[in-house]
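Reading through the structure tokens given below for one structure.
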Amino acid sequence: MKLYKTKSGVVIAHLEKIYRLTTAWDELVNRDDLHQYLLGVIKDLKPDSSINLAEQDLLAPIGRQEVWAAGVTYFRSKEARMDESKESGGATFYDKVYDADRPELFFKSTPERVVGPGGFVHIRKDSTWNVPEPELTLFISSSGRIEGYTIGNDMSSRSIEGENMLYLPQAKTYTRSAALGPCLYVPATPIPPATTIAIEIIRSGKTMYYDTAQISQMKRKHTELAGWLFRELDFPYGCFLMTGTCLVPSNDFTLAVNDVVTISIEGIGTLSNRIEVKKP
């Protein structure tokens, strides 16, 4: 089951049928047993054959939720972070956090700064090395339960983060540094570990980078990350948690204006965004 947030309201897609809802997003999604609840909702609705999702103006599937992120959850991510920070002497910290009991968790974005499908994500003008990070993203209800999934793009400045670990907030959190979409995927059971993530970066019609990975390569469990995030934080509307990536372009690659970043996750769909810089 998939929930889409559009300019004309919320839409449910289930078993090749599409339903239009009048319920506000935050009221709808922030509940336990969301899948069962939505089954009950559509039972009393008639499918709307006039809705064509390909023609809908899709928004990021977010309301008043904060977006957080986990880092160094894959071995490849640990390698990349150690490599970018070795000159500043910070490489050992990434090595330690990969094996530590406590994960790396950081605030990523307010909902106002999040980009939806087809929107422009930003690279920093004061950074020389910028990359996308394709990530399975959890939707967690206010009670701390994982109720759904979406695709996340955790835009990152590797040059700023590598210069000094204390610059992490600037490397990760800025206007349009996060994208979510195309929907909130609400399955009956947790997403399978064999689920594949794919990313493609296209520049002037040419593929500059393409790779795939399975989420089973993640060192930490999704429930473990959610548990740490909710230890000392309350989220009255629920929250989104990006779970890290192991799909990292080579060190000689950096994003350029007008590049197109396309991320696909089995069961969820595809999120595509174009690159630009913040206008004065």
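Here's how to read the names in the structure tokens: chain A, B, ... by the order shown, residue numbers from 1 in each chain, ligand numbers from 1 in the order shown.
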
Spatial neighbours of segment 271-273 of chain A, 8 Å, only C-alpha atoms, chain gap at least 6 places, as a list in words: Pro117, Gly118, Gly119, Phe120, Val121, Ile151, Ala179, Leu180, Gly181, Pro182, Val260, Val261, Thr262, Ile263 and Ser264 of chain A

Selection: 7 Å around segment 60-75 of chain A, only C-alpha atoms, excl. self and same-chain fewer than 4 positions, as a VMD selection string: chain A and resid 4 to 5 25 to 26 79 94 98 104 to 111 115 to 117 180 to 184 217 to 220 237 to 246

Best match for closeness to Ser49 of chain A among A:Phe235, A:Tyr19, A:Tyr149, A:Tyr37, counting only C-alpha atoms: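 Once distances to Ser49 of chain A are computed over only C-alpha atoms, the minimum belongs to A:Tyr19.
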
Nearby residues (only C-alpha atoms) at most 8 Å from Val186 of chain A, same-chain spacing under 2 positions excluded, as a list in words: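 Near neighbours after the sequence-gap exclusion: Met1, Lys2, Leu3, Leu34, His35, Glu147, Gly148, Tyr149, Leu184 and Ala188 of chain A.
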
DSSP strand (DSSP E) residues within segment 3-238 of chain A, listed as a PyMOL selection string: chain A and resi 3-6+9-14+17-21+66-71+104-109+114-115+120-122+130-131+134-140+146-154+156-157+178-185+196-203+206-214

Nearby residues (only C-alpha atoms) at most 7 Å from Glu161 of chain A, same-chain spacing under 5 positions excluded, as a list in words: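 In the requested format, the answer is Tyr167, Leu168 and Ala171 of chain A.
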
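The list of residues with at least one atom within 8 Å of Arg20 of chain A, based on only C-alpha atoms and without residues fewer than 3 positions apart in the same chain, reads Gly9, Val10, Val11, Ile12, Pro47 and Asp48 of chain A.
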
With C-alpha atoms retained, write the just-selected residues as a short mmCIF file (atom, residue, chain, number, x, y, z; two decimals), in the first residue's frame.
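File produced: part.cif:
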```cif
data_model
loop_
_atom_site.label_atom_id
_atom_site.label_comp_id
_atom_site.auth_asym_id
_atom_site.auth_seq_id
_atom_site.Cartn_x
_atom_site.Cartn_y
_atom_site.Cartn_z
CA GLY A 9 -4.74 15.97 -1.46
CA VAL A 10 -3.75 12.52 -0.22
CA VAL A 11 -4.09 9.47 -2.48
CA ILE A 12 -3.87 5.76 -1.61
CA PRO A 47 -11.80 3.69 -6.35
CA ASP A 48 -11.31 6.86 -8.38
#
```

Proximity to Glu276 of chain A - best of A:Thr196, A:Thr207, A:Thr6, A:Thr175, only C-alpha atoms: A:Thr175

Shell around Leu247 of chain A at 9 Å using only C-alpha atoms, local window under 6 positions removed, as a list in words: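 That gives Arg76, Ser77, Glu133, Pro134, Glu135, Ile197, Ala198, Ile199, Tyr210, Asp211, Thr212 and Ala213 of chain A.
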
Prev. selection, N, CA and C atoms, output as a compact mmCIF listing (two decimals), in the first residue's frame:
```txt
# COMPACT_ATOMS: atom_id res chain seq x y z
N ARG A 76 30.94 0.34 3.55
CA ARG A 76 31.41 1.25 2.50
C ARG A 76 31.33 2.70 2.95
N SER A 77 30.32 3.03 3.71
CA SER A 77 30.19 4.39 4.24
C SER A 77 31.32 4.70 5.21
N GLU A 133 23.34 10.84 -1.31
CA GLU A 133 23.42 9.60 -0.56
C GLU A 133 22.03 8.95 -0.57
N PRO A 134 21.85 7.90 -1.37
CA PRO A 134 20.55 7.23 -1.47
C PRO A 134 20.30 6.36 -0.24
N GLU A 135 19.15 6.57 0.42
CA GLU A 135 18.93 5.89 1.69
C GLU A 135 17.49 5.44 1.86
N ILE A 197 18.48 -1.22 -3.41
CA ILE A 197 18.52 0.21 -3.66
C ILE A 197 19.41 0.44 -4.88
N ALA A 198 18.98 1.32 -5.78
CA ALA A 198 19.78 1.66 -6.96
C ALA A 198 19.87 3.16 -7.10
N ILE A 199 21.01 3.64 -7.59
CA ILE A 199 21.18 5.07 -7.86
C ILE A 199 21.82 5.25 -9.21
N TYR A 210 26.47 4.65 -11.54
CA TYR A 210 25.33 3.75 -11.32
C TYR A 210 25.80 2.61 -10.43
N ASP A 211 24.96 2.26 -9.45
CA ASP A 211 25.31 1.14 -8.58
C ASP A 211 24.07 0.69 -7.83
N THR A 212 24.13 -0.52 -7.29
CA THR A 212 23.03 -1.06 -6.51
C THR A 212 23.56 -1.72 -5.25
N ALA A 213 22.69 -1.91 -4.28
CA ALA A 213 23.06 -2.60 -3.05
C ALA A 213 21.79 -3.12 -2.39
```

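Between atom CA of Pro192 of chain A and atom CA of Leu225 of chain A the interatomic distance comes to 16.7 Å.
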
Selection near Tyr209 of chain A, 9 Å with only C-alpha atoms, sequence-local residues under 5 positions removed, as an MDAnalysis selection string: chainID A and resid 199:202 249:250 253

Any chance you could export the current selection's C-alpha atoms as a tab-separated table (two decimals), in the first residue's frame?
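Result file is part-v3.tsv:
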```tsv
chain	number	residue	atom	x	y	z
A	199	ILE	CA	21.18	5.07	-7.86
A	200	GLU	CA	21.97	6.67	-11.19
A	201	ILE	CA	23.53	10.09	-11.76
A	202	ILE	CA	23.06	11.51	-15.26
A	249	PRO	CA	30.71	7.54	-5.93
A	250	SER	CA	34.48	7.46	-6.31
A	253	PHE	CA	33.37	12.60	-8.59
```

Distance criterion (only C-alpha atoms): nearest to Val277 of chain A out of A:Ser127, A:Ser216, A:Ser50, A:Thr22: A:Ser127

Using only C-alpha atoms: which of A:Leu255, A:Ile146, A:Arg231, A:Lys17 has the shortest distance to Pro187 of chain A: A:Ile146

Of the listed residues A:Val114, A:Glu224, A:Phe230, A:Pro280, that which approaches Arg102 of chain A most closely, counting only C-alpha atoms: A:Glu224

Secondary structure check, helix (DSSP H, G or I) residues of segment 14-224 of chain A, as JSON, numbers by chain: {"A": [25, 26, 27, 28, 29, 34, 35, 36, 37, 38, 39, 40, 41, 42, 43, 53, 54, 55, 75, 76, 77, 78, 79, 80, 81, 82, 83, 84, 91, 92, 93, 94, 95, 96, 97, 98, 99, 111, 112, 113, 158, 159, 160, 161, 162, 163, 165, 166, 167, 168, 169, 170, 171, 172, 215, 216, 217, 222, 223, 224]}

Could you write out the selected residues, including C-alpha atoms, as a tab-separated table (two decimals), in the first residue's frame?
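Written file, selection09.tsv:
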```
chain	number	residue	atom	x	y	z
A	25	TRP	CA	-1.62	14.05	6.23
A	26	ASP	CA	-0.49	14.33	9.87
A	27	GLU	CA	-3.81	13.08	11.21
A	28	LEU	CA	-3.68	10.15	8.81
A	29	VAL	CA	-0.15	8.78	9.12
A	34	LEU	CA	-1.08	2.14	9.98
A	35	HIS	CA	-1.45	-0.58	7.36
A	36	GLN	CA	-4.48	-2.09	9.06
A	37	TYR	CA	-6.00	1.32	9.58
A	38	LEU	CA	-5.66	2.21	5.89
A	39	LEU	CA	-7.26	-1.09	4.88
A	40	GLY	CA	-10.25	-0.09	6.96
A	41	VAL	CA	-10.34	3.37	5.41
A	42	ILE	CA	-10.40	2.21	1.78
A	43	LYS	CA	-13.01	-0.45	2.55
A	53	LEU	CA	-0.50	9.29	-10.58
A	54	ALA	CA	1.86	9.94	-13.48
A	55	GLU	CA	0.09	13.24	-14.04
A	75	PHE	CA	31.05	-0.69	5.77
A	76	ARG	CA	31.41	1.25	2.50
A	77	SER	CA	30.19	4.39	4.24
A	78	LYS	CA	32.76	3.91	6.96
A	79	GLU	CA	35.51	3.60	4.35
A	80	ALA	CA	34.37	6.74	2.53
A	81	ARG	CA	34.15	8.83	5.71
A	82	MET	CA	37.56	7.66	6.89
A	83	ASP	CA	39.05	8.49	3.50
A	84	GLU	CA	37.60	12.01	3.31
A	91	ALA	CA	39.34	9.04	10.32
A	92	THR	CA	39.58	6.99	13.50
A	93	PHE	CA	36.28	8.36	14.82
A	94	TYR	CA	34.33	6.84	11.93
A	95	ASP	CA	36.08	3.53	12.51
A	96	LYS	CA	35.06	3.58	16.16
A	97	VAL	CA	31.41	4.55	15.62
A	98	TYR	CA	30.91	1.74	13.11
A	99	ASP	CA	31.68	-0.81	15.84
A	111	PRO	CA	9.84	19.63	6.62
A	112	GLU	CA	9.98	23.07	5.00
A	113	ARG	CA	13.45	22.35	3.59
A	158	ARG	CA	32.18	15.69	1.68
A	159	SER	CA	34.76	18.47	1.51
A	160	ILE	CA	33.23	20.34	4.46
A	161	GLU	CA	32.68	17.23	6.56
A	162	GLY	CA	36.18	15.99	5.78
A	163	GLU	CA	37.77	19.30	6.76
A	165	MET	CA	34.05	16.72	12.01
A	166	LEU	CA	32.59	19.70	13.88
A	167	TYR	CA	31.41	21.01	10.50
A	168	LEU	CA	29.01	18.07	10.08
A	169	PRO	CA	25.84	20.21	10.56
A	170	GLN	CA	26.97	22.52	7.74
A	171	ALA	CA	27.87	19.58	5.51
A	172	LYS	CA	24.50	17.92	6.03
A	215	ILE	CA	19.72	-3.18	2.62
A	216	SER	CA	20.87	-6.47	4.17
A	217	GLN	CA	24.41	-5.04	3.99
A	222	HIS	CA	16.11	-0.58	11.70
A	223	THR	CA	14.48	-1.11	15.10
A	224	GLU	CA	17.85	-0.51	16.76
```
